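Asks: Take a look at coords39.txt, compact mmCIF, C-alpha atoms:
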# COMPACT_ATOMS: atom_id res chain seq x y z
CA ASP Y 109 -31.76 -11.40 7.28
CA GLU Y 110 -31.12 -8.88 4.52
CA ILE Y 111 -27.47 -8.45 5.56
CA GLU Y 112 -27.00 -12.22 5.54
CA LEU Y 113 -28.53 -12.37 2.05
CA MET Y 114 -26.13 -9.67 0.88
CA ARG Y 115 -23.22 -11.56 2.43
CA ARG Y 116 -24.10 -14.79 0.61
CA ASN Y 117 -24.45 -12.93 -2.69
CA ALA Y 118 -21.10 -11.24 -2.08
CA ILE Y 119 -19.36 -14.55 -1.51
CA ALA Y 120 -20.88 -15.94 -4.71
CA ALA Y 121 -19.70 -12.93 -6.72
CA GLU Y 122 -16.21 -13.26 -5.27
CA ARG Y 123 -16.16 -16.91 -6.30
CA ALA Y 124 -16.97 -15.89 -9.87
CA ILE Y 125 -13.99 -13.51 -9.99
CA TRP Y 126 -11.76 -16.15 -8.39
CA ALA Y 127 -12.83 -18.71 -10.99
CA GLY Y 128 -11.85 -16.31 -13.76
CA PHE Y 129 -8.40 -15.77 -12.31
CA MET Y 130 -7.94 -19.53 -11.92
CA PHE Y 131 -8.93 -20.00 -15.58
CA ALA Y 132 -6.51 -17.34 -16.83
CA HIS Y 133 -2.87 -17.75 -17.82
CA GLU Y 134 -0.25 -15.82 -19.74
CA GLY Y 135 -1.70 -15.38 -23.25
CA THR Y 136 -5.38 -15.30 -22.22
CA THR Y 137 -7.20 -12.30 -23.68
CA GLU Y 138 -9.01 -9.75 -21.55
CA ARG Y 139 -12.25 -10.67 -23.31
CA GLU Y 140 -11.81 -14.38 -22.57
CA LEU Y 141 -11.14 -13.66 -18.91
CA ALA Y 142 -14.18 -11.37 -18.61
CA ALA Y 143 -16.40 -13.98 -20.28
CA ARG Y 144 -15.22 -16.66 -17.85
CA MET Y 145 -16.07 -14.45 -14.87
CA VAL Y 146 -19.53 -13.60 -16.18
CA THR Y 147 -20.26 -17.27 -16.94
CA SER Y 148 -19.09 -18.17 -13.44
CA LEU Y 149 -21.45 -15.56 -11.99
CA PHE Y 150 -24.36 -17.39 -13.61
CA GLU Y 151 -23.04 -20.72 -12.33
CA VAL Y 152 -23.03 -19.49 -8.72
CA GLY Y 153 -26.61 -18.19 -8.91
CA GLY Y 154 -26.32 -14.71 -10.38
CA ASP Y 155 -28.98 -13.44 -12.76
CA TYR Y 156 -27.19 -10.75 -14.73
CA SER Y 157 -23.93 -8.78 -14.97
CA PRO Y 158 -24.84 -5.24 -16.03
CA PHE Y 159 -21.30 -3.89 -15.74
CA MET Y 160 -17.79 -5.29 -16.16
CA SER Y 161 -14.56 -3.30 -16.18
CA LEU Y 162 -11.44 -5.35 -16.84
CA ALA Y 163 -7.98 -4.13 -17.82
CA ALA Y 164 -4.62 -5.85 -18.16
CA GLY Y 165 -1.39 -3.86 -18.12
CA ALA Y 166 -0.56 -0.46 -16.72
CA GLU Y 167 -1.83 1.73 -19.57
CA HIS Y 168 -5.24 0.11 -20.00
CA SER Y 169 -5.78 0.09 -16.23
CA ARG Y 170 -5.60 3.90 -16.20
CA GLN Y 171 -8.90 4.08 -18.11
CA HIS Y 172 -11.99 4.50 -15.98
CA HIS Y 173 -14.44 1.67 -16.71
CA ALA Y 174 -12.01 -0.07 -19.07
CA VAL Y 175 -13.68 -2.35 -21.64
CA PRO Y 176 -12.03 -5.80 -22.01
CA GLY Y 177 -10.63 -6.40 -25.48
CA GLU Y 178 -8.29 -8.69 -27.39
CA TYR Y 179 -5.13 -7.77 -25.48
CA ARG Y 180 -3.30 -10.91 -24.31
CA LEU Y 181 -2.00 -11.09 -20.76
CA LYS Y 182 1.77 -10.82 -20.49
CA ARG Y 183 4.24 -11.64 -17.75
CA ALA Y 184 4.23 -8.96 -15.01
CA ASP Y 185 0.90 -7.41 -16.15
CA THR Y 186 -1.52 -6.42 -13.44
CA VAL Y 187 -5.16 -7.34 -14.10
CA ALA Y 188 -7.86 -5.17 -12.54
CA VAL Y 189 -11.51 -6.21 -12.53
CA ASP Y 190 -14.62 -4.46 -11.21
CA MET Y 191 -17.69 -6.65 -11.79
CA VAL Y 192 -21.31 -5.93 -10.95
CA GLY Y 193 -23.89 -8.69 -10.64
CA THR Y 194 -27.51 -9.13 -9.61
CA PHE Y 195 -28.97 -11.87 -7.43
CA ALA Y 196 -32.78 -11.99 -7.21
CA GLY Y 197 -33.07 -8.21 -7.14
CA TYR Y 198 -29.97 -7.44 -5.06
CA TYR Y 199 -26.68 -6.11 -6.38
CA SER Y 200 -23.08 -7.22 -5.95
CA ASP Y 201 -20.18 -4.89 -6.80
CA TYR Y 202 -16.58 -5.87 -6.04
CA ALA Y 203 -13.11 -5.14 -7.39
CA ARG Y 204 -10.10 -7.46 -7.30
CA MET Y 205 -6.61 -7.49 -8.80
CA ALA Y 206 -4.07 -10.06 -9.94
CA VAL Y 207 -0.63 -10.14 -11.51
CA VAL Y 208 0.75 -12.47 -14.17
CA GLY Y 209 3.59 -14.31 -12.45
CA GLU Y 210 5.37 -12.65 -9.54
CA PRO Y 211 4.71 -8.99 -8.69
CA ALA Y 212 7.44 -6.36 -8.85
CA GLU Y 213 8.29 -4.51 -5.66
CA GLY Y 214 6.49 -1.40 -6.93
CA GLN Y 215 3.33 -3.42 -7.57
CA ARG Y 216 3.46 -4.84 -4.06
CA LYS Y 217 3.93 -1.36 -2.62
CA ALA Y 218 0.95 0.11 -4.48
CA TRP Y 219 -1.28 -2.85 -3.62
CA ASN Y 220 -0.33 -2.66 0.06
CA ALA Y 221 -1.17 1.05 -0.01
CA VAL Y 222 -4.74 0.53 -1.26
CA LEU Y 223 -5.21 -2.24 1.31
CA GLU Y 224 -3.99 -0.02 4.13
CA VAL Y 225 -6.15 2.93 3.12
CA GLN Y 226 -9.18 0.64 2.87
CA ARG Y 227 -8.40 -0.92 6.27
CA GLN Y 228 -8.26 2.50 7.92
CA VAL Y 229 -11.49 3.65 6.26
CA MET Y 230 -13.25 0.47 7.46
CA ARG Y 231 -11.98 1.17 10.97
CA ASP Y 232 -13.40 4.70 10.77
CA ALA Y 233 -16.78 3.55 9.37
CA VAL Y 234 -18.79 3.58 12.60
CA PRO Y 235 -22.39 4.65 13.20
CA GLY Y 236 -22.64 8.42 13.36
CA ILE Y 237 -19.69 9.35 11.17
CA ALA Y 238 -20.46 11.57 8.19
CA ALA Y 239 -20.00 10.04 4.74
CA ASP Y 240 -17.76 12.86 3.54
CA ARG Y 241 -15.51 12.52 6.60
CA LEU Y 242 -14.60 9.02 5.40
CA ALA Y 243 -13.66 10.41 1.98
CA LEU Y 244 -11.51 13.14 3.51
CA ASN Y 245 -9.84 10.62 5.81
CA ALA Y 246 -9.10 8.31 2.88
CA ALA Y 247 -7.39 11.11 0.94
CA ARG Y 248 -5.21 11.89 3.94
CA TYR Y 249 -4.30 8.24 4.51
CA ALA Y 250 -3.32 7.87 0.85
CA ARG Y 251 -1.12 10.98 0.91
CA GLU Y 252 0.63 9.70 4.04
CA LEU Y 253 1.57 6.60 2.02
CA GLY Y 254 2.81 8.64 -0.94
CA TYR Y 255 -0.25 8.37 -3.21
CA GLU Y 256 -3.21 10.48 -4.28
CA LEU Y 257 -6.66 8.97 -4.51
CA ASP Y 258 -7.76 8.44 -8.11
CA THR Y 259 -11.26 9.66 -7.20
CA ASN Y 260 -12.87 11.17 -4.13
CA LEU Y 261 -15.72 8.63 -4.35
CA ILE Y 262 -14.44 5.95 -1.99
CA GLY Y 263 -17.66 3.95 -1.71
CA HIS Y 264 -21.43 3.84 -1.75
CA SER Y 265 -24.37 2.04 -0.21
CA LEU Y 266 -25.43 -1.15 -1.95
CA GLY Y 267 -28.64 -3.15 -1.97
CA ILE Y 268 -31.56 -3.18 -4.40
CA ALA Y 269 -29.82 -0.40 -6.34
CA LEU Y 270 -26.19 -0.26 -7.39
CA HIS Y 271 -25.27 3.16 -6.00
CA GLU Y 272 -27.63 3.76 -3.13
CA TYR Y 273 -27.47 6.78 -0.84
CA PRO Y 274 -25.29 7.87 0.85
CA ALA Y 275 -22.23 7.97 -1.37
CA LEU Y 276 -18.90 8.18 0.43
CA THR Y 277 -17.66 11.35 -1.20
CA GLU Y 278 -17.03 15.02 -0.51
CA GLY Y 279 -20.13 17.08 0.21
CA VAL Y 280 -22.33 14.22 1.47
CA GLU Y 281 -22.90 14.99 5.15
CA GLU Y 282 -25.35 12.18 5.94
CA GLU Y 283 -24.28 10.08 8.91
CA LEU Y 284 -23.85 6.32 8.64
CA LEU Y 285 -26.45 4.22 10.45
CA PRO Y 286 -26.31 0.69 11.91
CA ASP Y 287 -27.08 -2.10 9.42
CA MET Y 288 -26.20 -0.09 6.32
CA THR Y 289 -24.42 -2.28 3.75
CA MET Y 290 -21.80 -0.34 1.85
CA CYS Y 291 -19.03 -0.85 -0.68
CA VAL Y 292 -15.67 0.63 0.33
CA GLU Y 293 -13.45 1.08 -2.72
CA ILE Y 294 -10.01 2.62 -2.94
CA LEU Y 295 -8.26 3.58 -6.19
CA VAL Y 296 -4.77 5.03 -6.56
CA GLN Y 297 -2.57 5.65 -9.57
CA ASP Y 298 1.04 4.48 -9.66
CA PRO Y 299 3.14 6.33 -12.28
CA GLU Y 300 4.82 3.13 -13.48
CA PHE Y 301 2.32 0.34 -12.85
CA GLY Y 302 -1.07 2.00 -13.43
CA ARG Y 303 -4.24 1.98 -11.34
CA PHE Y 304 -4.68 -0.16 -8.25
CA HIS Y 305 -8.24 -0.79 -7.09
CA ILE Y 306 -9.97 -2.78 -4.38
CA GLU Y 307 -13.66 -2.85 -3.45
CA ASP Y 308 -15.37 -4.79 -0.66
CA LEU Y 309 -18.79 -5.00 0.97
CA VAL Y 310 -19.09 -4.06 4.64
CA ALA Y 311 -21.84 -3.81 7.23
CA ILE Y 312 -22.01 -0.78 9.54
CA GLY Y 313 -22.78 -1.31 13.21
CA SER Y 314 -19.76 -1.89 15.43
CA PRO Y 315 -18.00 0.92 17.33
CA ASP Y 316 -14.77 -0.85 16.32
CA GLY Y 317 -15.44 -0.28 12.62
CA ALA Y 318 -17.25 -1.85 9.69
CA ARG Y 319 -17.53 -5.63 9.34
CA ARG Y 320 -16.24 -6.97 6.03
CA LEU Y 321 -18.72 -9.30 4.33
CA THR Y 322 -16.62 -10.23 1.27
CA THR Y 323 -14.45 -12.86 2.93
CA TYR Y 324 -14.00 -15.55 0.25
CA PHE Y 325 -11.09 -13.92 -1.55
CA ASP Y 326 -7.80 -13.41 0.30
CA THR Y 327 -6.70 -9.91 -0.74
CA SER Y 328 -3.58 -9.69 1.44
CA GLU Y 329 -1.49 -10.21 -1.70
CA LEU Y 330 -2.08 -9.86 -5.42
CA TYR Y 331 -3.48 -13.08 -6.91
CA ARG Y 332 -0.84 -14.77 -9.09
CA ILE Y 333 -2.04 -15.73 -12.57
CA ALA Y 334 -0.14 -18.69 -14.04
CA LEU Y 335 2.57 -18.20 -16.60
CA ALA Y 336 2.36 -20.06 -19.92
Render the structure in this file as structure tokens.

Replies:
Amino acid sequence: DEIELMRRNAIAAERAIWAGFMFAHEGTTERELAARMVTSLFEVGGDYSPFMSLAAGAEHSRQHHAVPGEYRLKRADTVAVDMVGTFAGYYSDYARMAVVGEPAEGQRKAWNAVLEVQRQVMRDAVPGIAADRLALNAARYARELGYELDTNLIGHSLGIALHEYPALTEGVEEELLPDMTMCVEILVQDPEFGRFHIEDLVAIGSPDGARRLTTYFDTSELYRIALA
């Protein structure tokens, strides 16, 4: 029942991010986009958004926990958002990306890399594996694709606290257990196009890998924000 509750909250939070991207267009400010997403979170049943990182353009995206400002979206900008919400005592925490207009080949390449690393980590996330093994695996997968991870924290448990134990990072040897709900997030830096970041909620339990619970938003490609 708790996993199903987390899944419903996750879908609602994804819808809030989606609504913000649908609202946005070339010329929208970062602050306007962030406000639309937070308002949408309330509209889908959220209680509070204690954290919002949103950055448009390569340079701003390189900042950890970027604060949305008055920068106006331009053609070919990537937009990275990491939004936390609460729903009746439970947390949501997901990251999505978009591009204004059509993505450049380098943007596609970097986005496909974070997707592939995340896919392989989810495959490896089976009961009994150590948390730090997933982090080490992720670093290796990224290097094989020509990137370095932006951080060795590649996820964390999620529930009635935002960063519950165990964290998926080096030095945490605790083994994953069935029915844990965890965020798996991958960040890489591209020298030309900035940071690329994805974060999804999964449930641990299958020997075939973790089950993704954030299924509302199609992440197979960067979301296209409308041009002016």

Asks: Residues of region 140-202 of chain Y that have any atom at most 7 Å from an atom of region 208-215 of chain Y: could you tabulate them with the shortest-distance atom pair and the distance in Å to one decimal, using all atoms listed in the file, ordered by chain and increasing number, as JSON lines?

Replies:
{"residue": "Y:Lys182", "atom": "CA", "partner": "Y:Val208", "partner_atom": "CA", "distance": 6.6}
{"residue": "Y:Arg183", "atom": "CA", "partner": "Y:Val208", "partner_atom": "CA", "distance": 5.1}
{"residue": "Y:Ala184", "atom": "CA", "partner": "Y:Val208", "partner_atom": "CA", "distance": 5.0}
{"residue": "Y:Asp185", "atom": "CA", "partner": "Y:Val208", "partner_atom": "CA", "distance": 5.4}
{"residue": "Y:Thr186", "atom": "CA", "partner": "Y:Val208", "partner_atom": "CA", "distance": 6.5}

Asks: Env of region 218-220 of chain Y: 8 Å cut, atoms = all atoms listed in the file, seq-sep filter 3 positions within chain, self excluded. Answer as a list in words.

Replies: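 Near neighbours after the sequence-gap exclusion: Gly214, Gln215, Leu223, Glu224, Val296, Asp298, Phe304, Ser328, Glu329 and Leu330 of chain Y.
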
Asks: For a test of reading the model, state the distance in Å between CA of Leu309 (chain Y) and CA of Met290 (chain Y), rounded to one decimal.

Replies: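 Between CA of Leu309 (chain Y) and CA of Met290 (chain Y) the gap is 5.6 Å.
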
Asks: How many Å lie between CA of Asp258 (chain Y) and CA of Ala121 (chain Y), rounded to one decimal?

Replies: 24.5 Å

Asks: By how many Å are CA of Glu112 (chain Y) and CA of Asp287 (chain Y) apart?

Replies: 10.8 Å

Asks: Please determine, counting only C-alpha atoms, which residue among Y:His172, Y:His264, Y:Arg144, Y:Arg251 has the shortest atom-to-atom distance to Gly302 (chain Y).

Replies: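 Selected residue with least distance to Gly302 (chain Y): Y:His172.
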
Asks: Could you list, with a cut-off of 10 Å and counting only C-alpha atoms, the residues of region 130-235 of chain Y near region 241-248 of chain Y, each shown with its nearest atom pair and the distance in Å rounded to one decimal, rows sorted by chain and ascending number, as a Markdown table?

Replies:
| residue | atom | partner | partner_atom | distance |
| --- | --- | --- | --- | --- |
| Y:Val222 | CA | Y:Ala246 | CA | 9.8 |
| Y:Glu224 | CA | Y:Ala246 | CA | 9.9 |
| Y:Val225 | CA | Y:Ala246 | CA | 6.1 |
| Y:Gln226 | CA | Y:Ala246 | CA | 7.7 |
| Y:Arg227 | CA | Y:Ala246 | CA | 9.9 |
| Y:Gln228 | CA | Y:Ala246 | CA | 7.7 |
| Y:Val229 | CA | Y:Ala246 | CA | 6.2 |
| Y:Met230 | CA | Y:Leu242 | CA | 8.9 |
| Y:Arg231 | CA | Y:Leu242 | CA | 10.0 |
| Y:Asp232 | CA | Y:Leu242 | CA | 7.0 |
| Y:Ala233 | CA | Y:Leu242 | CA | 7.1 |
| Y:Val234 | CA | Y:Leu242 | CA | 9.9 |

Asks: When distances are computed from only C-alpha atoms, which of Y:Leu321, Y:Val292, Y:Ala269, Y:Ala238 shows the smallest separation from Ala203 (chain Y)?

Replies: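 Using only C-alpha atoms, Ala203 (chain Y) sits closest to Y:Val292.
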
Asks: Here is a test: counting only C-alpha atoms, which residue of Y:Leu253, Y:Ala318, Y:Met288, Y:Ile333 is nearest to Ile111 (chain Y)?

Replies: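 Closest residue, counting only C-alpha atoms: Y:Met288.
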
Asks: Taking 5 positions as the minimum chain separation for residues in the same chain, which residues sit within 10 Å of Ile125 (chain Y) when counting only C-alpha atoms? Answer as JSON, numbers by chain.

Replies: {"Y": [120, 130, 131, 141, 142, 144, 145, 146, 148, 149, 189, 190, 191, 202, 203, 204, 205, 325]}

Asks: For the selection you just gave me, I'd like the residues written to a file as a PDB file, in the coordinates of the input, keeping C-alpha atoms.

Replies:
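Full text of part-v8.pdb as output:
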ATOM      1  CA  ALA Y 120     -20.880 -15.940  -4.710  1.00  0.00           C
ATOM      2  CA  MET Y 130      -7.940 -19.530 -11.920  1.00  0.00           C
ATOM      3  CA  PHE Y 131      -8.930 -20.000 -15.580  1.00  0.00           C
ATOM      4  CA  LEU Y 141     -11.140 -13.660 -18.910  1.00  0.00           C
ATOM      5  CA  ALA Y 142     -14.180 -11.370 -18.610  1.00  0.00           C
ATOM      6  CA  ARG Y 144     -15.220 -16.660 -17.850  1.00  0.00           C
ATOM      7  CA  MET Y 145     -16.070 -14.450 -14.870  1.00  0.00           C
ATOM      8  CA  VAL Y 146     -19.530 -13.600 -16.180  1.00  0.00           C
ATOM      9  CA  SER Y 148     -19.090 -18.170 -13.440  1.00  0.00           C
ATOM     10  CA  LEU Y 149     -21.450 -15.560 -11.990  1.00  0.00           C
ATOM     11  CA  VAL Y 189     -11.510  -6.210 -12.530  1.00  0.00           C
ATOM     12  CA  ASP Y 190     -14.620  -4.460 -11.210  1.00  0.00           C
ATOM     13  CA  MET Y 191     -17.690  -6.650 -11.790  1.00  0.00           C
ATOM     14  CA  TYR Y 202     -16.580  -5.870  -6.040  1.00  0.00           C
ATOM     15  CA  ALA Y 203     -13.110  -5.140  -7.390  1.00  0.00           C
ATOM     16  CA  ARG Y 204     -10.100  -7.460  -7.300  1.00  0.00           C
ATOM     17  CA  MET Y 205      -6.610  -7.490  -8.800  1.00  0.00           C
ATOM     18  CA  PHE Y 325     -11.090 -13.920  -1.550  1.00  0.00           C
TER      19      PHE Y 325
END

Asks: For Tyr273 (chain Y), which residue out of Y:Ile119, Y:Leu285, Y:Ile306, Y:Ala336 is the nearest one, using all atoms listed in the file?

Replies: Y:Leu285

Asks: I'd like to know which of Y:Gly313, Y:Pro158, Y:Tyr249, Y:Asp201 is closest to Gly263 (chain Y), using only C-alpha atoms.

Replies: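 Among the listed residues, the smallest separation from Gly263 (chain Y) belongs to Y:Asp201.
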
Asks: Restricting the calculation to all atoms listed in the file: of Y:Ala132, Y:Glu140, Y:Ala334, Y:Ser314, which residue gets closest to Gly236 (chain Y)?

Replies: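 Checking each candidate against Gly236 (chain Y), we get Y:Ser314 as the closest.
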
Asks: Would you mind listing what lies within 6 Å of Val192 (chain Y) as a PyMOL selection string, with all atoms listed in the file counted and same-chain residues fewer than 5 positions away left out?

Replies: chain Y and resi 157+159+200-201

Asks: May I have the residues within 6 Å of region 173-175 of chain Y as an MDAnalysis selection string, using only C-alpha atoms and disregarding those fewer than 4 positions away in the same chain?

Replies: chainID Y and resid 161:163

Asks: Complete region 201-222 of chain Y with N, CA, C and O atoms (output as a compact mmCIF listing (two decimals), in the coordinates of the input).

Replies:
# COMPACT_ATOMS: atom_id res chain seq x y z
N ASP Y 201 -21.07 -5.85 -6.13
CA ASP Y 201 -20.18 -4.89 -6.80
C ASP Y 201 -18.83 -4.94 -6.11
O ASP Y 201 -18.66 -4.33 -5.06
N TYR Y 202 -17.86 -5.66 -6.70
CA TYR Y 202 -16.58 -5.87 -6.04
C TYR Y 202 -15.44 -5.76 -7.04
O TYR Y 202 -15.59 -6.08 -8.22
N ALA Y 203 -14.29 -5.30 -6.55
CA ALA Y 203 -13.11 -5.14 -7.39
C ALA Y 203 -11.96 -5.94 -6.81
O ALA Y 203 -11.72 -5.93 -5.59
N ARG Y 204 -11.25 -6.64 -7.69
CA ARG Y 204 -10.10 -7.46 -7.30
C ARG Y 204 -8.98 -7.26 -8.32
O ARG Y 204 -9.22 -6.83 -9.45
N MET Y 205 -7.76 -7.62 -7.91
CA MET Y 205 -6.61 -7.49 -8.80
C MET Y 205 -5.74 -8.73 -8.75
O MET Y 205 -5.72 -9.46 -7.75
N ALA Y 206 -5.01 -8.94 -9.84
CA ALA Y 206 -4.07 -10.06 -9.94
C ALA Y 206 -2.85 -9.58 -10.70
O ALA Y 206 -2.83 -8.47 -11.26
N VAL Y 207 -1.83 -10.42 -10.74
CA VAL Y 207 -0.63 -10.14 -11.51
C VAL Y 207 -0.22 -11.43 -12.21
O VAL Y 207 -0.43 -12.53 -11.68
N VAL Y 208 0.30 -11.31 -13.42
CA VAL Y 208 0.75 -12.47 -14.17
C VAL Y 208 2.17 -12.81 -13.70
O VAL Y 208 3.10 -12.05 -13.94
N GLY Y 209 2.31 -13.94 -13.02
CA GLY Y 209 3.59 -14.31 -12.45
C GLY Y 209 3.81 -13.64 -11.10
O GLY Y 209 2.86 -13.43 -10.34
N GLU Y 210 5.03 -13.26 -10.82
CA GLU Y 210 5.37 -12.65 -9.54
C GLU Y 210 5.32 -11.13 -9.65
O GLU Y 210 5.78 -10.55 -10.64
N PRO Y 211 4.79 -10.45 -8.63
CA PRO Y 211 4.71 -8.99 -8.69
C PRO Y 211 6.07 -8.35 -8.47
O PRO Y 211 6.92 -8.85 -7.74
N ALA Y 212 6.26 -7.19 -9.11
CA ALA Y 212 7.44 -6.36 -8.85
C ALA Y 212 7.26 -5.66 -7.51
O ALA Y 212 6.15 -5.56 -6.98
N GLU Y 213 8.36 -5.17 -6.96
CA GLU Y 213 8.29 -4.51 -5.66
C GLU Y 213 7.35 -3.30 -5.70
O GLU Y 213 6.61 -3.04 -4.76
N GLY Y 214 7.38 -2.55 -6.81
CA GLY Y 214 6.49 -1.40 -6.93
C GLY Y 214 5.02 -1.79 -6.96
O GLY Y 214 4.16 -1.06 -6.45
N GLN Y 215 4.71 -2.93 -7.56
CA GLN Y 215 3.33 -3.42 -7.57
C GLN Y 215 2.90 -3.83 -6.16
O GLN Y 215 1.77 -3.54 -5.75
N ARG Y 216 3.78 -4.48 -5.45
CA ARG Y 216 3.46 -4.84 -4.06
C ARG Y 216 3.20 -3.58 -3.22
O ARG Y 216 2.26 -3.54 -2.42
N LYS Y 217 4.05 -2.59 -3.41
CA LYS Y 217 3.93 -1.36 -2.62
C LYS Y 217 2.59 -0.67 -2.88
O LYS Y 217 1.89 -0.25 -1.94
N ALA Y 218 2.21 -0.55 -4.16
CA ALA Y 218 0.95 0.11 -4.48
C ALA Y 218 -0.25 -0.68 -3.97
O ALA Y 218 -1.21 -0.11 -3.44
N TRP Y 219 -0.18 -2.01 -4.11
CA TRP Y 219 -1.28 -2.85 -3.62
C TRP Y 219 -1.40 -2.74 -2.10
O TRP Y 219 -2.51 -2.61 -1.56
N ASN Y 220 -0.29 -2.78 -1.40
CA ASN Y 220 -0.33 -2.66 0.06
C ASN Y 220 -0.89 -1.30 0.48
O ASN Y 220 -1.55 -1.19 1.52
N ALA Y 221 -0.64 -0.27 -0.33
CA ALA Y 221 -1.17 1.05 -0.01
C ALA Y 221 -2.70 1.08 -0.09
O ALA Y 221 -3.36 1.61 0.81
N VAL Y 222 -3.27 0.52 -1.17
CA VAL Y 222 -4.74 0.53 -1.26
C VAL Y 222 -5.36 -0.31 -0.14
O VAL Y 222 -6.41 0.03 0.41
